[in-house]
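With TSV, C-alpha atoms (C1' of nucleotides) inside, this is my_file_1.tsv:
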chain	number	residue	atom	x	y	z
I	240	MET	CA	-52.33	-10.05	-50.68
I	241	LEU	CA	-48.99	-8.62	-49.78
I	242	GLY	CA	-46.88	-11.57	-48.91
I	243	PHE	CA	-43.39	-12.13	-47.68
I	244	GLU	CA	-41.86	-11.82	-51.13
I	245	HIS	CA	-39.84	-8.86	-52.35
I	246	HIS	CA	-41.62	-5.83	-53.65
I	247	ASP	CA	-41.03	-2.22	-54.53
I	248	HIS	CA	-40.91	-0.64	-51.15
I	249	HIS	CA	-40.74	2.95	-52.25
I	250	SER	CA	-43.80	2.78	-54.39
I	251	CYS	CA	-45.67	0.84	-51.75
I	252	ILE	CA	-45.03	3.55	-49.17
I	253	ARG	CA	-45.94	6.27	-51.61
I	254	SER	CA	-49.15	4.68	-52.73
I	255	GLY	CA	-50.20	3.81	-49.19
I	256	VAL	CA	-49.78	7.36	-48.01
I	257	ALA	CA	-51.47	8.69	-51.13
I	258	ALA	CA	-54.46	6.41	-50.64
I	259	ALA	CA	-54.83	7.49	-47.04
I	260	GLU	CA	-54.50	11.12	-47.97
I	261	ALA	CA	-57.13	10.81	-50.66
I	262	HIS	CA	-59.48	9.08	-48.30
I	263	CYS	CA	-59.03	11.76	-45.65
I	264	MET	CA	-59.60	14.47	-48.21
I	265	ALA	CA	-62.78	12.81	-49.34
I	266	GLU	CA	-64.07	12.28	-45.81
I	267	GLY	CA	-63.00	15.60	-44.39
I	268	LEU	CA	-60.52	14.01	-42.01
I	269	GLN	CA	-57.34	15.74	-40.96
I	270	PHE	CA	-54.28	13.91	-42.20
I	271	THR	CA	-51.92	15.68	-39.83
I	272	PRO	CA	-48.10	15.43	-39.80
I	273	VAL	CA	-48.01	12.98	-36.90
I	274	ARG	CA	-50.65	10.75	-38.44
I	275	ARG	CA	-48.95	10.82	-41.80
I	276	ARG	CA	-45.57	10.10	-40.30
I	277	VAL	CA	-46.85	7.19	-38.22
I	278	LEU	CA	-48.40	5.65	-41.31
I	279	GLU	CA	-45.11	6.09	-43.17
I	280	ILE	CA	-43.21	4.43	-40.35
I	281	LEU	CA	-45.58	1.48	-40.45
I	282	LEU	CA	-45.26	1.23	-44.20
I	283	GLU	CA	-41.47	1.49	-44.12
I	284	ARG	CA	-41.07	-1.59	-42.00
I	285	HIS	CA	-43.18	-4.51	-43.09
I	286	ALA	CA	-43.41	-5.86	-39.61
I	287	ALA	CA	-45.56	-5.34	-36.57
I	288	LEU	CA	-44.40	-2.31	-34.61
I	289	GLY	CA	-45.23	-1.59	-31.00
I	290	ALA	CA	-46.58	1.80	-30.04
I	291	TYR	CA	-43.39	2.54	-28.16
I	292	ASP	CA	-41.21	1.63	-31.14
I	293	ILE	CA	-43.13	4.19	-33.11
I	294	LEU	CA	-42.91	6.69	-30.30
I	295	ASP	CA	-39.12	6.33	-30.34
I	296	VAL	CA	-39.02	7.36	-33.97
I	297	LEU	CA	-41.38	10.26	-33.38
I	298	ARG	CA	-39.27	11.43	-30.48
I	299	ASP	CA	-36.09	11.34	-32.58
I	300	GLU	CA	-37.82	13.47	-35.14
I	301	GLY	CA	-39.30	15.93	-32.67
I	302	LEU	CA	-42.86	14.99	-33.52
I	303	GLY	CA	-43.92	14.03	-30.03
I	304	SER	CA	-42.53	12.40	-26.99
I	305	GLN	CA	-45.34	11.01	-24.85
I	306	PRO	CA	-47.28	7.76	-25.31
I	307	PRO	CA	-50.63	9.39	-26.04
I	308	VAL	CA	-49.17	10.99	-29.16
I	309	ALA	CA	-48.40	7.60	-30.65
I	310	TYR	CA	-51.57	5.95	-29.41
I	311	ARG	CA	-53.78	8.71	-30.73
I	312	ALA	CA	-52.24	8.57	-34.16
I	313	LEU	CA	-52.55	4.79	-34.17
I	314	ASP	CA	-56.18	4.99	-33.06
I	315	PHE	CA	-56.87	7.30	-35.94
I	316	LEU	CA	-55.17	5.05	-38.46
I	317	VAL	CA	-56.90	1.94	-37.15
I	318	SER	CA	-60.32	3.57	-36.93
I	319	ASN	CA	-60.08	4.62	-40.53
I	320	GLY	CA	-58.74	1.35	-41.80
I	321	PHE	CA	-55.25	2.60	-42.65
I	322	ALA	CA	-53.65	0.29	-40.13
I	323	HIS	CA	-54.56	-2.77	-38.11
I	324	LYS	CA	-53.76	-3.86	-34.62
I	325	ILE	CA	-52.21	-7.29	-34.23
I	326	GLU	CA	-53.71	-8.39	-30.94
I	327	ARG	CA	-51.36	-11.26	-30.57
I	328	LEU	CA	-48.34	-8.95	-30.58
I	329	ASN	CA	-49.79	-5.78	-29.09
I	330	ALA	CA	-48.49	-4.16	-32.22
I	331	PHE	CA	-49.59	-2.43	-35.36
I	332	VAL	CA	-49.16	-2.79	-39.13
I	333	ALA	CA	-50.09	-0.66	-42.09
I	334	CYS	CA	-53.07	-1.91	-44.02
I	335	THR	CA	-52.28	-3.31	-47.43
I	336	HIS	CA	-55.80	-3.06	-48.75
I	337	MET	CA	-56.32	0.67	-48.32
I	338	GLY	CA	-59.78	1.72	-49.23
I	339	GLU	CA	-61.23	-1.68	-49.94
I	340	ASP	CA	-63.79	-2.87	-47.44
I	341	HIS	CA	-62.23	-6.01	-46.09
I	342	ASN	CA	-61.94	-8.45	-43.25
I	343	PRO	CA	-58.26	-8.73	-42.61
I	344	ALA	CA	-56.50	-11.90	-41.55
I	345	PHE	CA	-52.82	-12.01	-40.69
I	346	LEU	CA	-49.96	-14.40	-41.09
I	347	ILE	CA	-47.53	-13.58	-38.32
I	348	CYS	CA	-44.00	-14.94	-38.24
I	349	ARG	CA	-43.10	-15.78	-34.66
I	350	ASP	CA	-39.42	-15.43	-35.48
I	351	CYS	CA	-39.06	-12.13	-37.30
I	352	ASP	CA	-42.50	-10.61	-36.61
I	353	ALA	CA	-43.09	-10.07	-40.32
I	354	VAL	CA	-46.79	-9.79	-40.99
I	355	ALA	CA	-48.65	-10.55	-44.19
I	356	GLU	CA	-52.21	-9.44	-44.57
I	357	THR	CA	-54.77	-11.51	-46.37
I	358	GLN	CA	-58.52	-11.96	-46.41
I	359	ALA	CA	-60.63	-13.95	-44.02
I	360	ASP	CA	-63.74	-15.53	-45.39
I	361	THR	CA	-66.16	-14.37	-42.80
I	362	ALA	CA	-69.58	-15.30	-44.10
I	363	ARG	CA	-69.08	-19.02	-44.52
I	364	GLY	CA	-67.46	-21.54	-42.29
I	365	ALA	CA	-68.00	-23.08	-38.91
I	366	LEU	CA	-67.70	-19.80	-37.08
I	367	ALA	CA	-70.49	-18.07	-38.96
I	368	LYS	CA	-72.65	-21.13	-38.45
I	369	ALA	CA	-71.98	-21.20	-34.70
I	370	ALA	CA	-72.67	-17.49	-34.40
I	371	GLY	CA	-75.89	-17.84	-36.32
I	372	SER	CA	-77.15	-20.74	-34.28
I	373	THR	CA	-76.55	-19.02	-30.94
I	374	GLY	CA	-77.83	-15.65	-32.06
I	375	PHE	CA	-74.48	-13.98	-31.55
I	376	ARG	CA	-74.00	-10.92	-33.74
I	377	VAL	CA	-70.45	-10.69	-35.07
I	378	GLU	CA	-69.22	-7.16	-35.55
I	379	ARG	CA	-65.53	-7.66	-36.03
I	380	LEU	CA	-63.42	-10.71	-36.71
I	381	VAL	CA	-59.85	-11.15	-35.55
I	382	VAL	CA	-57.97	-13.83	-37.47
I	383	GLU	CA	-54.29	-14.24	-36.73
I	384	ALA	CA	-52.22	-17.20	-37.83
I	385	VAL	CA	-48.96	-17.58	-35.94
I	386	GLY	CA	-46.18	-19.60	-37.54
I	387	LEU	CA	-43.02	-19.36	-39.56
I	388	CYS	CA	-42.57	-17.32	-42.71
I	389	PRO	CA	-40.70	-18.93	-45.62
I	390	ARG	CA	-37.47	-17.14	-44.81
I	391	CYS	CA	-37.42	-18.14	-41.16
I	392	GLN	CA	-38.20	-21.75	-42.04
I	393	GLN	CA	-34.72	-21.85	-43.57
I	394	VAL	CA	-33.02	-20.38	-40.56
I	395	THR	CA	-35.08	-22.04	-37.84
I	396	PRO	CA	-36.08	-25.42	-39.18
I	397	ALA	CA	-38.84	-27.50	-37.63
V	251	MET	CA	-70.07	-25.80	-28.51
V	252	LEU	CA	-70.86	-24.13	-25.25
V	253	GLY	CA	-72.98	-21.19	-26.15
V	254	PHE	CA	-74.57	-18.39	-24.27
V	255	GLU	CA	-77.59	-20.44	-23.31
V	256	HIS	CA	-78.27	-21.68	-19.82
V	257	HIS	CA	-76.60	-24.83	-18.66
V	258	ASP	CA	-75.88	-26.80	-15.52
V	259	HIS	CA	-73.06	-24.82	-14.06
V	260	HIS	CA	-72.24	-27.16	-11.24
V	261	SER	CA	-71.82	-30.18	-13.42
V	262	CYS	CA	-69.86	-28.18	-15.96
V	263	ILE	CA	-67.35	-27.10	-13.33
V	264	ARG	CA	-67.12	-30.59	-11.91
V	265	SER	CA	-66.60	-32.29	-15.23
V	266	GLY	CA	-64.09	-29.69	-16.39
V	267	VAL	CA	-61.97	-30.16	-13.30
V	268	ALA	CA	-62.31	-33.92	-13.52
V	269	ALA	CA	-61.21	-33.96	-17.13
V	270	ALA	CA	-58.17	-31.86	-16.34
V	271	GLU	CA	-57.33	-34.01	-13.36
V	272	ALA	CA	-57.57	-37.18	-15.42
V	273	HIS	CA	-55.40	-35.72	-18.12
V	274	CYS	CA	-52.73	-34.67	-15.62
V	275	MET	CA	-52.80	-38.08	-14.02
V	276	ALA	CA	-52.33	-39.74	-17.38
V	277	GLU	CA	-49.52	-37.40	-18.39
V	278	GLY	CA	-47.77	-37.28	-15.06
V	279	LEU	CA	-48.46	-33.58	-14.61
V	280	GLN	CA	-48.96	-32.04	-11.20
V	281	PHE	CA	-52.46	-30.72	-10.75
V	282	THR	CA	-51.55	-28.58	-7.78
V	283	PRO	CA	-53.99	-26.63	-5.57
V	284	VAL	CA	-53.30	-23.30	-7.24
V	285	ARG	CA	-53.67	-24.75	-10.71
V	286	ARG	CA	-56.87	-26.53	-9.77
V	287	ARG	CA	-58.30	-23.45	-8.12
V	288	VAL	CA	-57.50	-21.20	-11.08
V	289	LEU	CA	-59.23	-23.63	-13.40
V	290	GLU	CA	-62.24	-23.67	-11.10
V	291	ILE	CA	-62.37	-19.90	-11.03
V	292	LEU	CA	-62.31	-19.80	-14.81
V	293	LEU	CA	-65.04	-22.41	-15.00
V	294	GLU	CA	-67.20	-20.65	-12.41
V	295	ARG	CA	-67.46	-17.49	-14.44
V	296	HIS	CA	-68.21	-18.06	-18.10
V	297	ALA	CA	-66.44	-14.92	-19.06
V	298	ALA	CA	-62.94	-13.83	-19.85
V	299	LEU	CA	-61.00	-13.12	-16.69
V	300	GLY	CA	-57.83	-11.08	-16.45
V	301	ALA	CA	-54.84	-12.49	-14.65
V	302	TYR	CA	-55.25	-9.87	-11.96
V	303	ASP	CA	-58.92	-10.69	-11.44
V	304	ILE	CA	-57.85	-14.24	-10.78
V	305	LEU	CA	-55.03	-13.09	-8.56
V	306	ASP	CA	-57.54	-11.14	-6.46
V	307	VAL	CA	-59.48	-14.32	-5.78
V	308	LEU	CA	-56.33	-16.26	-5.00
V	309	ARG	CA	-55.23	-13.57	-2.62
V	310	ASP	CA	-58.57	-13.60	-0.80
V	311	GLU	CA	-58.18	-17.31	-0.36
V	312	GLY	CA	-54.56	-17.20	0.73
V	313	LEU	CA	-53.35	-19.14	-2.28
V	314	GLY	CA	-50.89	-16.57	-3.51
V	315	SER	CA	-50.53	-12.87	-3.74
V	316	GLN	CA	-48.05	-12.01	-6.45
V	317	PRO	CA	-48.65	-11.83	-10.21
V	318	PRO	CA	-46.32	-14.70	-11.10
V	319	VAL	CA	-48.49	-17.08	-9.11
V	320	ALA	CA	-51.47	-16.36	-11.32
V	321	TYR	CA	-49.49	-16.20	-14.53
V	322	ARG	CA	-47.73	-19.46	-13.86
V	323	ALA	CA	-50.95	-21.28	-13.18
V	324	LEU	CA	-52.49	-19.78	-16.30
V	325	ASP	CA	-49.45	-20.75	-18.37
V	326	PHE	CA	-49.83	-24.28	-17.16
V	327	LEU	CA	-53.52	-24.39	-17.99
V	328	VAL	CA	-53.04	-22.85	-21.41
V	329	SER	CA	-50.05	-25.03	-22.28
V	330	ASN	CA	-52.04	-28.12	-21.50
V	331	GLY	CA	-55.16	-27.03	-23.27
V	332	PHE	CA	-57.29	-26.55	-20.14
V	333	ALA	CA	-57.70	-22.87	-20.80
V	334	HIS	CA	-57.25	-20.41	-23.63
V	335	LYS	CA	-55.98	-16.89	-23.78
V	336	ILE	CA	-58.24	-14.35	-25.44
V	337	GLU	CA	-55.71	-12.07	-27.07
V	338	ARG	CA	-58.26	-9.42	-27.76
V	339	LEU	CA	-59.01	-8.99	-24.07
V	340	ASN	CA	-55.72	-9.95	-22.47
V	341	ALA	CA	-57.79	-12.42	-20.55
V	342	PHE	CA	-58.36	-16.10	-20.08
V	343	VAL	CA	-61.21	-18.61	-20.29
V	344	ALA	CA	-61.57	-22.25	-19.40
V	345	CYS	CA	-61.56	-24.60	-22.33
V	346	THR	CA	-64.88	-26.21	-23.09
V	347	HIS	CA	-63.45	-28.99	-25.21
V	348	MET	CA	-61.16	-30.54	-22.62
V	349	GLY	CA	-59.13	-33.33	-24.04
V	350	GLU	CA	-60.25	-33.08	-27.64
V	351	ASP	CA	-57.61	-31.83	-30.02
V	352	HIS	CA	-59.15	-28.69	-31.40
V	353	ASN	CA	-58.64	-25.31	-32.96
V	354	PRO	CA	-60.61	-22.96	-30.81
V	355	ALA	CA	-62.48	-19.94	-32.06
V	356	PHE	CA	-64.24	-17.51	-29.76
V	357	LEU	CA	-67.36	-15.43	-29.78
V	358	ILE	CA	-66.67	-12.54	-27.45
V	359	CYS	CA	-69.41	-10.25	-26.23
V	360	ARG	CA	-68.06	-6.71	-26.09
V	361	ASP	CA	-70.66	-5.77	-23.51
V	362	CYS	CA	-70.50	-8.46	-20.85
V	363	ASP	CA	-67.27	-10.22	-21.85
V	364	ALA	CA	-69.04	-13.57	-22.03
V	365	VAL	CA	-67.09	-15.93	-24.22
V	366	ALA	CA	-68.36	-18.90	-26.18
V	367	GLU	CA	-65.91	-21.34	-27.61
V	368	THR	CA	-66.46	-23.01	-30.93
V	369	GLN	CA	-64.38	-24.59	-33.65
V	370	ALA	CA	-62.48	-22.84	-36.41
V	371	ASP	CA	-62.19	-24.65	-39.67
V	372	THR	CA	-58.51	-24.33	-40.17
V	373	ALA	CA	-57.70	-26.49	-43.16
V	374	ARG	CA	-60.03	-24.93	-45.69
V	375	GLY	CA	-60.76	-21.36	-46.52
V	376	ALA	CA	-58.98	-18.33	-47.88
V	377	LEU	CA	-56.47	-18.23	-45.07
V	378	ALA	CA	-55.15	-21.73	-45.62
V	379	LYS	CA	-54.92	-20.99	-49.32
V	380	ALA	CA	-52.99	-17.79	-48.72
V	381	ALA	CA	-50.65	-19.50	-46.31
V	382	GLY	CA	-50.06	-22.32	-48.74
V	383	SER	CA	-49.32	-20.07	-51.66
V	384	THR	CA	-46.76	-17.99	-49.78
V	385	GLY	CA	-45.11	-20.92	-48.08
V	386	PHE	CA	-46.07	-19.71	-44.63
V	387	ARG	CA	-46.35	-22.53	-42.10
V	388	VAL	CA	-49.25	-22.00	-39.72
V	389	GLU	CA	-48.67	-23.34	-36.24
V	390	ARG	CA	-51.47	-21.77	-34.30
V	391	LEU	CA	-54.61	-19.97	-35.32
V	392	VAL	CA	-56.26	-17.23	-33.32
V	393	VAL	CA	-59.89	-16.63	-34.28
V	394	GLU	CA	-61.85	-14.17	-32.20
V	395	ALA	CA	-65.19	-12.74	-33.20
V	396	VAL	CA	-66.15	-9.60	-31.30
V	397	GLY	CA	-69.80	-8.64	-31.15
V	398	LEU	CA	-72.93	-8.83	-29.04
V	399	CYS	CA	-74.26	-11.94	-27.37
V	400	PRO	CA	-78.01	-12.58	-27.54
V	401	ARG	CA	-78.63	-11.25	-24.06
V	402	CYS	CA	-76.77	-7.99	-24.60
V	403	GLN	CA	-78.55	-7.41	-27.90
V	404	GLN	CA	-81.71	-6.93	-25.84
V	405	VAL	CA	-80.11	-4.48	-23.46
V	406	THR	CA	-77.89	-2.62	-25.92
V	407	PRO	CA	-79.70	-2.66	-29.24
V	408	ALA	CA	-77.90	-1.92	-32.50
L	128	DT	C1'	-32.76	-41.05	2.48
L	129	DG	C1'	-31.04	-38.30	-0.89
L	130	DC	C1'	-30.92	-36.09	-5.35
L	131	DG	C1'	-32.61	-33.75	-9.34
L	132	DA	C1'	-36.56	-31.66	-11.19
L	133	DT	C1'	-40.54	-29.06	-10.57
L	134	DT	C1'	-43.27	-25.76	-8.18
L	135	DT	C1'	-44.02	-21.78	-5.27
L	136	DG	C1'	-42.80	-17.29	-2.86
L	137	DT	C1'	-41.14	-12.76	-3.41
L	138	DT	C1'	-38.98	-8.60	-5.07
L	139	DA	C1'	-38.36	-5.85	-8.63
L	140	DT	C1'	-39.12	-4.10	-13.02
L	141	DA	C1'	-40.44	-4.12	-17.97
L	142	DG	C1'	-43.93	-3.28	-21.34
L	143	DT	C1'	-48.62	-1.68	-22.85
L	144	DA	C1'	-52.28	1.70	-22.53
L	145	DT	C1'	-55.34	5.45	-21.01
L	146	DA	C1'	-57.43	9.28	-17.92
L	147	DA	C1'	-57.52	13.97	-17.39
L	148	DC	C1'	-56.77	18.51	-18.29
L	149	DA	C1'	-54.36	22.50	-20.52
L	150	DT	C1'	-53.18	24.48	-24.88
L	151	DA	C1'	-53.17	25.03	-29.65
L	152	DT	C1'	-55.02	24.62	-34.23
L	153	DC	C1'	-58.60	24.07	-37.61
L	154	DA	C1'	-63.08	24.90	-40.12
L	155	DT	C1'	-66.71	27.63	-40.78
L	156	DC	C1'	-69.88	30.95	-40.90
L	157	DA	C1'	-71.91	35.22	-39.20
K	288	DT	C1'	-62.11	38.53	-40.64
K	289	DG	C1'	-62.86	37.43	-36.29
K	290	DA	C1'	-65.61	34.69	-33.01
K	291	DT	C1'	-66.71	30.12	-31.89
K	292	DG	C1'	-67.19	25.28	-31.51
K	293	DA	C1'	-64.85	21.13	-32.79
K	294	DT	C1'	-60.73	18.73	-33.35
K	295	DA	C1'	-55.98	17.76	-32.36
K	296	DT	C1'	-51.74	18.06	-29.54
K	297	DG	C1'	-48.81	18.48	-25.26
K	298	DT	C1'	-48.06	16.84	-20.74
K	299	DT	C1'	-48.41	14.70	-16.27
K	300	DA	C1'	-49.70	11.02	-13.97
K	301	DT	C1'	-51.16	6.51	-13.40
K	302	DA	C1'	-53.42	2.04	-14.48
K	303	DC	C1'	-53.05	-2.38	-16.40
K	304	DT	C1'	-50.50	-6.47	-18.22
K	305	DA	C1'	-46.50	-9.41	-17.92
K	306	DT	C1'	-41.95	-11.38	-16.87
K	307	DA	C1'	-36.97	-11.73	-15.02
K	308	DA	C1'	-34.43	-13.48	-11.39
K	309	DC	C1'	-33.40	-15.87	-7.41
K	310	DA	C1'	-34.53	-18.15	-2.95
K	311	DA	C1'	-37.21	-21.62	-0.59
K	312	DA	C1'	-40.20	-25.45	-0.51
K	313	DT	C1'	-42.03	-29.65	-2.41
K	314	DC	C1'	-42.36	-33.63	-5.29
K	315	DG	C1'	-40.99	-38.01	-7.69
K	316	DC	C1'	-38.15	-41.42	-7.83
K	317	DA	C1'	-33.73	-44.02	-7.57
For this file, write the structure as structure tokens.
Amino acid sequence: MLGFEHHDHHSCIRSGVAAAEAHCMAEGLQFTPVRRRVLEILLERHAALGAYDILDVLRDEGLGSQPPVAYRALDFLVSNGFAHKIERLNAFVACTHMGEDHNPAFLICRDCDAVAETQADTARGALAKAAGSTGFRVERLVVEAVGLCPRCQQVTPA
Amino acid sequence: MLGFEHHDHHSCIRSGVAAAEAHCMAEGLQFTPVRRRVLEILLERHAALGAYDILDVLRDEGLGSQPPVAYRALDFLVSNGFAHKIERLNAFVACTHMGEDHNPAFLICRDCDAVAETQADTARGALAKAAGSTGFRVERLVVEAVGLCPRCQQVTPA
DNA sequence: TGCGATTTGTTATAGTATAACATATCATCA
DNA sequence: TGATGATATGTTATACTATAACAAATCGCA
């Protein structure tokens, strides 16, 4: 997983964009300037960004000025697994497992909004058992842990 | 857990309200008319209800007409564990484990918005491991499975 | 009874998201 | 290569979700 620790930001942006581009190429999807830029913005910050935060950046750069521009790009990224929506925050993050088929789970810092993506074990566990026993068919699983990241535990103890 | 199966609705509303009332009594909390009524409304439907849906009912009954009335009652219910917020739907449901200390997980039908509450196993699993290894301190866990309930699988196959 | 704390009423506004339709661009194949 | 159907963007308008701020009422208790 990509945690809260330091990492090479430049290469992580580059490789994220490259992975998305490759995937679009392979699938015949259009990786347009707005879509690419929104993904870059999400990769640049490693925190959850609201649609309107993203729109502000786009507007500054002349790439679009109305909400639907941001929402459409985000829909595209989410639909294709390049980004995820954090329901708890009404915000979005770049995916850190580009390409891999995965069931994301998130660690969300309530102080700084940093988000780390990890894996949820979907098949096992009480939830799967409950779903099975009631006949509920799970299609998508949202797992979001809210708490304090290591850094903010220093600053905001207890 | 409370599943999607049939159950005695009347007794389930009565016992839910009674449990909340007892808890408030014990804790010295005020179980006011609006708060009681909102809990009843949530118990009556076994689906996720938006704050404004609830407000509509309150308004019809002369119990309040402005959003803060509904939101404040919901905040109270959620804070005290009588109800839960479904982040995925921006909506609320009555708790079906009144009183017990629990980590709720939800099965949400994307067709009819019915919600079943069950338990998440928080301590074990990949998530807990990931949190532990990064030093992230989990305070609250949101687990929401989106899919089709048994009934809607009949109506809306595959 | 009076005082502080809690709850409710109300106005206003902030923040999140999408419908609908016009225009432009792309992708392809005749 | 130029027509055409599909996809993407631009734009206006509006719907939905949520909270700030302050006044008025009510409650709990000394």
*Could you please select, counting all atoms listed in the file, the residues of chain I within 9 Å of chain L and state them as a ChimeraX atom specification?*
/I:289-291,306-307,310,329
*Would you give me, as a PyMOL selection string, the residues of chain I that come within 12 Å of chain K, using all atoms listed in the file?*
chain I and resi 267-274+302-309+311-312+315+329
Please save C-alpha atoms of the selected residues as a PDB file, keeping the file's coordinate frame.
ATOM      1  CA  GLY I 267     -63.000  15.600 -44.390  1.00  0.00           C
ATOM      2  CA  LEU I 268     -60.520  14.010 -42.010  1.00  0.00           C
ATOM      3  CA  GLN I 269     -57.340  15.740 -40.960  1.00  0.00           C
ATOM      4  CA  PHE I 270     -54.280  13.910 -42.200  1.00  0.00           C
ATOM      5  CA  THR I 271     -51.920  15.680 -39.830  1.00  0.00           C
ATOM      6  CA  PRO I 272     -48.100  15.430 -39.800  1.00  0.00           C
ATOM      7  CA  VAL I 273     -48.010  12.980 -36.900  1.00  0.00           C
ATOM      8  CA  ARG I 274     -50.650  10.750 -38.440  1.00  0.00           C
ATOM      9  CA  LEU I 302     -42.860  14.990 -33.520  1.00  0.00           C
ATOM     10  CA  GLY I 303     -43.920  14.030 -30.030  1.00  0.00           C
ATOM     11  CA  SER I 304     -42.530  12.400 -26.990  1.00  0.00           C
ATOM     12  CA  GLN I 305     -45.340  11.010 -24.850  1.00  0.00           C
ATOM     13  CA  PRO I 306     -47.280   7.760 -25.310  1.00  0.00           C
ATOM     14  CA  PRO I 307     -50.630   9.390 -26.040  1.00  0.00           C
ATOM     15  CA  VAL I 308     -49.170  10.990 -29.160  1.00  0.00           C
ATOM     16  CA  ALA I 309     -48.400   7.600 -30.650  1.00  0.00           C
ATOM     17  CA  ARG I 311     -53.780   8.710 -30.730  1.00  0.00           C
ATOM     18  CA  ALA I 312     -52.240   8.570 -34.160  1.00  0.00           C
ATOM     19  CA  PHE I 315     -56.870   7.300 -35.940  1.00  0.00           C
ATOM     20  CA  ASN I 329     -49.790  -5.780 -29.090  1.00  0.00           C
TER      21      ASN I 329
END
*If we count all atoms listed in the file, which residues of chain V reach to within 8 Å of chain I? Please list them as an MDAnalysis selection string.*
chainID V and resid 251 253:255 337:338 355 357 368:371 375:377 380:381 384:400
*Taking (-52.6, 8.4, -40.9) in the file's coordinates as the center, which residues reach within 10 Å of it, counting all atoms listed in the file, put as a VMD selection string?*
chain I and resid 255 to 256 259 to 260 263 268 to 279 281 312 to 322 333
*Interatomic distance, CA of Asp352 in chain I to CA of Ala287 in chain I (Å, one decimal)*: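 Going from CA of Asp352 in chain I over to CA of Ala287 in chain I covers 6.1 Å.
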Polymer residues at most 10 Å from His248 in chain I, all atoms listed in the file, same-chain spacing of 2 or more positions, as a PDB file with C-alpha atoms, in the coordinates of the input:
ATOM      1  CA  HIS I 245     -39.840  -8.860 -52.350  1.00  0.00           C
ATOM      2  CA  HIS I 246     -41.620  -5.830 -53.650  1.00  0.00           C
ATOM      3  CA  SER I 250     -43.800   2.780 -54.390  1.00  0.00           C
ATOM      4  CA  CYS I 251     -45.670   0.840 -51.750  1.00  0.00           C
ATOM      5  CA  ILE I 252     -45.030   3.550 -49.170  1.00  0.00           C
ATOM      6  CA  ARG I 253     -45.940   6.270 -51.610  1.00  0.00           C
ATOM      7  CA  SER I 254     -49.150   4.680 -52.730  1.00  0.00           C
ATOM      8  CA  LEU I 282     -45.260   1.230 -44.200  1.00  0.00           C
ATOM      9  CA  GLU I 283     -41.470   1.490 -44.120  1.00  0.00           C
ATOM     10  CA  ARG I 284     -41.070  -1.590 -42.000  1.00  0.00           C
ATOM     11  CA  HIS I 285     -43.180  -4.510 -43.090  1.00  0.00           C
TER      12      HIS I 285
END
*Give me, please, the distance in Å between CA of Glu350 in chain V and CA of Val365 in chain V, quoted to one decimal.*
18.8 Å
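CA of Met348 in chain V to CA of Ala269 in chain V spans 6.5 Å [interatomic distance, one decimal].
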